[in-house]
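Some notes on the structure that comes next.
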Amino acid sequence: MEDLSGIVDELRETLNSCNSLQELNEIRARFLGKKGKITSLMKRISSLPPQERPAFGKRVNELKATAESLIQQAQQRVNKLEAERKLLERAVDPTFPGPKRPVGSEHPSLKVIREILEALVSMGFEVVEGPEVETVYYNFEALNTPAWHPSRDMQDTFYVRGEELLLRSHTSPVQVRVMEKRTPPIMVVSPGRVYRRDYDATHLPMFHQIEGLYVDRHVSVAHLKWTLMELASRVFGEKKRIRMRPSFFPFTEPSFEVDVWFEGKGWFEILGSGMVHPNVLKNVGCDPEEWSGFAFGLGPDRVAMIRYGIGDIRSLVRNESSIYQVTKHL
Ligand code: DAH
């Protein structure tokens, strides 16, 4: 009788060096397929003399069972190998640096607002806020602003519910709200959003203002001027040049527009200011003979545009990339 164990050894050896599914299938066919070594042994059983058949048949069956279990084991090993190979094909190198995302940064207007508030707070001003939906009284009447003033026109202002409420057109109404509630000395600064019916390269329907108010005994234009000079040098750098031009606002007398000199760029108007009008003081129950004050309203969006070279104010409310585009084209 032949040495059937030779077949098992041969199978073991070939399986050991088998590393792929394809190879394994070939091996299976070579041993157990239609013309496979073990299959042909089975076929031979019928041609043997009857007395030899049972013993031979038994051995061949055992051989077949051994072969099947060996192939089964190899199958498991090869499956693992194939799975690992697939993973590697799609593999990501975890040590490779990931795509860089730029870290977001503070909005230019808010950065300017923060710096100005920091400077004013360090000078003794307290930050207060007022509502964005305001009454006609606080936005205009109490600020001595007559009905003929252009800012009161429907075309210039967003009215809400008839003509009683509106989106505040400036932060000056906060002056009135504060003076109504407190007695001097008052030293407050009020940042926030304001609204006007404008939209072009230099105007937005929503923009920011910072309102300043100081009321005390004997407050004069000199205090206003010193405060503005100090603010300019703290925010824009040592010994910043400013210029005060006479102007008109209904709620201040006298009134000034204030420009800041930017080297290589020229004078830029950044705020309106003045001595609080006696009528405004009277409206909040303050005796103008006893108290006086200065006020100013500053446009931080404009400051941001000058400082960062932003040509179109609308860039401030577009996404980040458009700001850079506009800057580049300057
Ligand atoms: N409220 C004025 C405006 O929006 C700016 C302003 C001018 C504010 C003079 C003031 C001031 O407090 O004194 O145009």
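We label chains A, B, ... in the order they appear in the structure tokens, count residues from 1 in each chain, and number ligands from 1 in the order shown.
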Using only C-alpha atoms, which protein or nucleic acid residues come within 12 Å of Gln76 in chain A? Drop anything in the same chain fewer than 2 positions from it, and give the result as a PyMOL selection string.
chain A and resi 15+18-21+24+69-74+78-83
Could you write out, as a ChimeraX atom specification, all the residues of range 2-60 of chain A that DSSP marks as alpha helix (DSSP H)?
/A:5-16,21-32,37-44,53-60
In range 141-320 of chain A, DSSP strand (DSSP E or B) residues written as JSON, numbers by chain
{"A": [159, 160, 165, 166, 167, 186, 187, 188, 189, 190, 191, 192, 193, 194, 195, 200, 203, 206, 207, 208, 209, 210, 211, 212, 213, 214, 215, 216, 242, 243, 244, 245, 246, 247, 248, 249, 252, 253, 254, 255, 256, 257, 258, 259, 260, 261, 262, 266, 267, 268, 269, 270, 271, 272, 273, 274, 275, 276, 292, 293, 294, 295, 296, 297, 298]}
Which of these residues is nearest to Lys282 in chain A, using only C-alpha atoms: A:Arg12, A:Asn144, A:His218, A:Lys265?
A:Asn144
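Put simply, CA of Ala201 in chain A is 5.6 Å away from CA of Ile313 in chain A.
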Site check for ligand 1: residues at most 6 Å away, only C-alpha atoms and all ligand atoms, as a PyMOL selection string:
chain A and resi 170+172+211+249+252+272-274+295-297
Go ahead and save the picked residues with all heavy atoms, as a short mmCIF file (atom, residue, chain, number, x, y, z; two decimals), in the first residue's frame.
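Okay, this is what ended up in out07.cif:
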data_model
loop_
_atom_site.label_atom_id
_atom_site.label_comp_id
_atom_site.auth_asym_id
_atom_site.auth_seq_id
_atom_site.Cartn_x
_atom_site.Cartn_y
_atom_site.Cartn_z
N HIS A 170 -27.94 105.57 16.62
CA HIS A 170 -26.64 105.87 17.23
C HIS A 170 -26.67 105.36 18.68
O HIS A 170 -27.72 104.93 19.17
CB HIS A 170 -26.30 107.36 17.16
CG HIS A 170 -27.36 108.29 17.68
ND1 HIS A 170 -27.20 109.65 17.73
CD2 HIS A 170 -28.61 108.07 18.18
CE1 HIS A 170 -28.29 110.22 18.22
NE2 HIS A 170 -29.15 109.30 18.50
N SER A 172 -25.97 107.27 21.21
CA SER A 172 -26.19 108.41 22.11
C SER A 172 -27.38 108.24 23.07
O SER A 172 -27.32 108.78 24.19
CB SER A 172 -26.32 109.69 21.29
OG SER A 172 -25.15 109.89 20.52
N GLU A 211 -19.93 105.01 22.48
CA GLU A 211 -20.36 106.29 23.04
C GLU A 211 -19.60 106.55 24.34
O GLU A 211 -19.43 105.63 25.15
CB GLU A 211 -21.86 106.21 23.34
CG GLU A 211 -22.51 107.53 23.64
CD GLU A 211 -22.82 108.31 22.36
OE1 GLU A 211 -22.78 107.70 21.27
OE2 GLU A 211 -23.10 109.52 22.45
N PHE A 249 -23.95 119.06 16.28
CA PHE A 249 -24.84 117.97 16.67
C PHE A 249 -25.90 118.58 17.57
O PHE A 249 -25.58 119.48 18.37
CB PHE A 249 -24.08 116.86 17.43
CG PHE A 249 -22.99 116.22 16.61
CD1 PHE A 249 -21.65 116.57 16.81
CD2 PHE A 249 -23.29 115.29 15.63
CE1 PHE A 249 -20.64 115.99 16.05
CE2 PHE A 249 -22.29 114.71 14.86
CZ PHE A 249 -20.97 115.06 15.07
N THR A 252 -25.05 118.44 21.46
CA THR A 252 -23.83 118.99 22.05
C THR A 252 -23.68 120.45 21.63
O THR A 252 -24.11 120.86 20.56
CB THR A 252 -22.57 118.21 21.59
OG1 THR A 252 -22.67 117.97 20.19
CG2 THR A 252 -22.41 116.92 22.34
N GLY A 272 -17.51 111.96 16.53
CA GLY A 272 -18.17 113.23 16.77
C GLY A 272 -18.16 113.45 18.28
O GLY A 272 -18.17 112.48 19.05
N SER A 273 -18.14 114.70 18.69
CA SER A 273 -18.06 114.94 20.13
C SER A 273 -18.53 116.34 20.47
O SER A 273 -18.85 117.13 19.57
CB SER A 273 -16.62 114.76 20.62
OG SER A 273 -15.81 115.78 20.04
N GLY A 274 -18.55 116.65 21.74
CA GLY A 274 -18.93 118.00 22.14
C GLY A 274 -19.26 118.05 23.62
O GLY A 274 -19.15 117.06 24.35
N ALA A 295 -19.26 114.50 25.65
CA ALA A 295 -19.69 113.22 25.10
C ALA A 295 -18.99 113.02 23.77
O ALA A 295 -18.55 113.99 23.14
CB ALA A 295 -21.20 113.20 24.90
N PHE A 296 -18.84 111.78 23.40
CA PHE A 296 -18.31 111.50 22.06
C PHE A 296 -18.90 110.20 21.53
O PHE A 296 -19.32 109.34 22.30
CB PHE A 296 -16.77 111.46 22.04
CG PHE A 296 -16.17 110.39 22.93
CD1 PHE A 296 -15.97 109.10 22.46
CD2 PHE A 296 -15.79 110.69 24.23
CE1 PHE A 296 -15.40 108.13 23.26
CE2 PHE A 296 -15.23 109.72 25.06
CZ PHE A 296 -15.03 108.44 24.57
N GLY A 297 -18.96 110.11 20.20
CA GLY A 297 -19.44 108.89 19.57
C GLY A 297 -18.46 108.52 18.48
O GLY A 297 -18.22 109.30 17.56
#
Taking 5 positions as the minimum chain separation for residues in the same chain, which residues sit within 9 Å of range 46-61 of chain A when counting only C-alpha atoms? Answer as a PDB file with all heavy atoms, in the first residue's frame.
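Saved as part.pdb:
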ATOM      1  N   MET A   1       0.824  -1.217   0.000  1.00  0.00           N
ATOM      2  CA  MET A   1       0.000   0.000   0.000  1.00  0.00           C
ATOM      3  C   MET A   1       0.854   1.260   0.000  1.00  0.00           C
ATOM      4  O   MET A   1       1.905   1.290   0.630  1.00  0.00           O
ATOM      5  CB  MET A   1      -0.886  -0.014   1.250  1.00  0.00           C
ATOM      6  CG  MET A   1      -2.245   0.497   0.889  1.00  0.00           C
ATOM      7  SD  MET A   1      -3.211   0.584   2.362  1.00  0.00           S
ATOM      8  CE  MET A   1      -4.574  -0.420   1.900  1.00  0.00           C
ATOM      9  N   LEU A   4       0.451   7.030   2.189  1.00  0.00           N
ATOM     10  CA  LEU A   4      -0.449   8.185   2.085  1.00  0.00           C
ATOM     11  C   LEU A   4       0.022   9.345   2.935  1.00  0.00           C
ATOM     12  O   LEU A   4      -0.312  10.490   2.681  1.00  0.00           O
ATOM     13  CB  LEU A   4      -1.863   7.786   2.496  1.00  0.00           C
ATOM     14  CG  LEU A   4      -2.529   6.732   1.619  1.00  0.00           C
ATOM     15  CD1 LEU A   4      -3.987   6.576   2.014  1.00  0.00           C
ATOM     16  CD2 LEU A   4      -2.443   7.096   0.138  1.00  0.00           C
ATOM     17  N   ILE A  38      -6.114  13.566  -3.754  1.00  0.00           N
ATOM     18  CA  ILE A  38      -6.902  12.781  -2.813  1.00  0.00           C
ATOM     19  C   ILE A  38      -8.159  12.249  -3.497  1.00  0.00           C
ATOM     20  O   ILE A  38      -8.555  11.097  -3.310  1.00  0.00           O
ATOM     21  CB  ILE A  38      -7.235  13.626  -1.568  1.00  0.00           C
ATOM     22  CG1 ILE A  38      -5.920  13.918  -0.826  1.00  0.00           C
ATOM     23  CG2 ILE A  38      -8.215  12.888  -0.651  1.00  0.00           C
ATOM     24  CD1 ILE A  38      -6.039  14.900   0.305  1.00  0.00           C
ATOM     25  N   LEU A  41      -7.407   9.265  -5.414  1.00  0.00           N
ATOM     26  CA  LEU A  41      -7.256   8.097  -4.545  1.00  0.00           C
ATOM     27  C   LEU A  41      -8.630   7.486  -4.245  1.00  0.00           C
ATOM     28  O   LEU A  41      -8.806   6.273  -4.262  1.00  0.00           O
ATOM     29  CB  LEU A  41      -6.573   8.476  -3.222  1.00  0.00           C
ATOM     30  CG  LEU A  41      -5.062   8.748  -3.274  1.00  0.00           C
ATOM     31  CD1 LEU A  41      -4.559   9.231  -1.909  1.00  0.00           C
ATOM     32  CD2 LEU A  41      -4.294   7.484  -3.703  1.00  0.00           C
ATOM     33  N   THR A  66      -8.126  14.935   7.269  1.00  0.00           N
ATOM     34  CA  THR A  66      -6.941  15.673   7.703  1.00  0.00           C
ATOM     35  C   THR A  66      -6.668  16.835   6.762  1.00  0.00           C
ATOM     36  O   THR A  66      -6.412  17.971   7.191  1.00  0.00           O
ATOM     37  CB  THR A  66      -5.702  14.742   7.723  1.00  0.00           C
ATOM     38  OG1 THR A  66      -6.042  13.558   8.464  1.00  0.00           O
ATOM     39  CG2 THR A  66      -4.516  15.436   8.366  1.00  0.00           C
TER      40      THR A  66
END
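Of the residues under consideration (A:Met206, A:Met275, A:Leu11, A:Met179), A:Leu11 shows the shortest atom-to-atom contact distance to Arg28 in chain A when counting only C-alpha atoms.
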Residue contacts of range 138-142 of chain A (10 Å, only C-alpha atoms) excluding same-chain residues fewer than 3 positions away, as a PyMOL selection string
chain A and resi 133-135+145-147+149+151-152+165-177+250-251+279-284
What would the file look like if the residues just selected were written as a short mmCIF file (atom, residue, chain, number, x, y, z; two decimals), in the first residue's frame with N, CA and C atoms?
data_model
loop_
_atom_site.label_atom_id
_atom_site.label_comp_id
_atom_site.auth_asym_id
_atom_site.auth_seq_id
_atom_site.Cartn_x
_atom_site.Cartn_y
_atom_site.Cartn_z
N VAL A 133 -33.31 98.16 20.10
CA VAL A 133 -34.62 98.70 19.71
C VAL A 133 -34.92 99.81 20.71
N GLU A 134 -35.06 101.03 20.21
CA GLU A 134 -35.09 102.20 21.07
C GLU A 134 -36.40 102.96 20.84
N THR A 135 -36.74 103.83 21.74
CA THR A 135 -37.93 104.66 21.53
C THR A 135 -37.49 105.96 20.84
N THR A 145 -33.01 116.50 19.51
CA THR A 145 -32.98 116.38 18.04
C THR A 145 -34.35 116.71 17.47
N PRO A 146 -34.47 117.82 16.77
CA PRO A 146 -35.77 118.28 16.29
C PRO A 146 -36.31 117.43 15.15
N ALA A 147 -37.60 117.54 14.94
CA ALA A 147 -38.27 116.72 13.93
C ALA A 147 -37.72 116.94 12.53
N HIS A 149 -34.67 117.15 11.70
CA HIS A 149 -33.32 116.58 11.52
C HIS A 149 -33.37 115.37 10.59
N SER A 151 -31.81 112.64 10.32
CA SER A 151 -31.73 111.28 10.89
C SER A 151 -33.10 110.79 11.34
N ARG A 152 -34.06 111.73 11.50
CA ARG A 152 -35.40 111.29 11.92
C ARG A 152 -36.26 110.85 10.76
N LEU A 165 -41.20 103.10 17.83
CA LEU A 165 -39.96 102.37 18.11
C LEU A 165 -39.09 102.35 16.87
N LEU A 166 -37.79 102.23 17.07
CA LEU A 166 -36.88 102.17 15.93
C LEU A 166 -35.61 101.43 16.33
N LEU A 167 -34.89 100.97 15.31
CA LEU A 167 -33.56 100.43 15.59
C LEU A 167 -32.69 101.65 15.81
N ARG A 168 -32.05 101.74 16.95
CA ARG A 168 -31.33 102.98 17.30
C ARG A 168 -30.36 103.38 16.19
N SER A 169 -30.32 104.66 15.88
CA SER A 169 -29.48 105.13 14.78
C SER A 169 -28.10 105.56 15.30
N HIS A 170 -27.94 105.57 16.62
CA HIS A 170 -26.64 105.87 17.23
C HIS A 170 -26.67 105.36 18.68
N THR A 171 -25.51 105.40 19.35
CA THR A 171 -25.47 104.92 20.73
C THR A 171 -25.75 106.05 21.72
N SER A 172 -25.97 107.27 21.21
CA SER A 172 -26.19 108.41 22.11
C SER A 172 -27.38 108.24 23.07
N PRO A 173 -28.47 107.54 22.69
CA PRO A 173 -29.56 107.37 23.66
C PRO A 173 -29.11 106.75 24.98
N VAL A 174 -28.01 105.98 24.97
CA VAL A 174 -27.53 105.38 26.21
C VAL A 174 -27.12 106.48 27.20
N GLN A 175 -26.62 107.61 26.67
CA GLN A 175 -26.30 108.76 27.54
C GLN A 175 -27.51 109.11 28.40
N VAL A 176 -28.67 109.24 27.72
CA VAL A 176 -29.89 109.67 28.41
C VAL A 176 -30.31 108.63 29.43
N ARG A 177 -30.29 107.35 29.01
CA ARG A 177 -30.70 106.28 29.94
C ARG A 177 -29.84 106.27 31.19
N PRO A 250 -27.14 118.14 17.46
CA PRO A 250 -28.20 118.77 18.25
C PRO A 250 -28.00 118.61 19.76
N PHE A 251 -27.28 117.56 20.16
CA PHE A 251 -27.19 117.23 21.59
C PHE A 251 -25.88 117.69 22.22
N ASN A 279 -29.96 121.54 27.16
CA ASN A 279 -31.30 120.95 27.03
C ASN A 279 -31.31 119.45 27.35
N VAL A 280 -30.24 118.76 26.96
CA VAL A 280 -30.14 117.32 27.25
C VAL A 280 -30.04 117.11 28.77
N LEU A 281 -29.22 117.94 29.42
CA LEU A 281 -29.09 117.85 30.88
C LEU A 281 -30.43 118.10 31.55
N LYS A 282 -31.14 119.15 31.07
CA LYS A 282 -32.45 119.46 31.64
C LYS A 282 -33.41 118.29 31.46
N ASN A 283 -33.38 117.65 30.28
CA ASN A 283 -34.28 116.52 29.99
C ASN A 283 -34.13 115.37 30.99
N VAL A 284 -32.95 115.24 31.58
CA VAL A 284 -32.75 114.15 32.55
C VAL A 284 -32.73 114.68 33.98
#
Who sits within 7 Å of Met187 in chain A, only C-alpha atoms, same chain under 2 positions skipped, as a ChimeraX atom specification
/A:125-126,185,213-215
Atomic distance CA of Pro288 in chain A - CA of Glu253 in chain A, expressed in Å with one decimal
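Pair CA of Pro288 in chain A / CA of Glu253 in chain A returns 12.2 Å.
For range 34-37 of chain A, the non-local neighbours within 12 Å, defined as residues at least 5 positions apart in the same chain or in other chains and counting only C-alpha atoms, are Leu4, Gly6, Ile7, Val8, Glu10, Leu11, Asn25, Glu26, Ile27, Arg28, Ala29, Met42, Lys43, Arg44, Val60, Leu63, Lys64 and Ala67 of chain A.
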Residue among A:Leu298, A:Val317, A:Glu289, A:Phe248 lying closest to Val260 in chain A, counting only C-alpha atoms
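Of all the options, A:Leu298 lies closest to Val260 in chain A.
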Give the answer as one residue: which of A:His107, A:Arg245, A:His208, A:Lys239 has the shortest atom-to-atom distance to Glu257 in chain A, using only C-alpha atoms?
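Closest to Glu257 in chain A of all the choices is A:Arg245.
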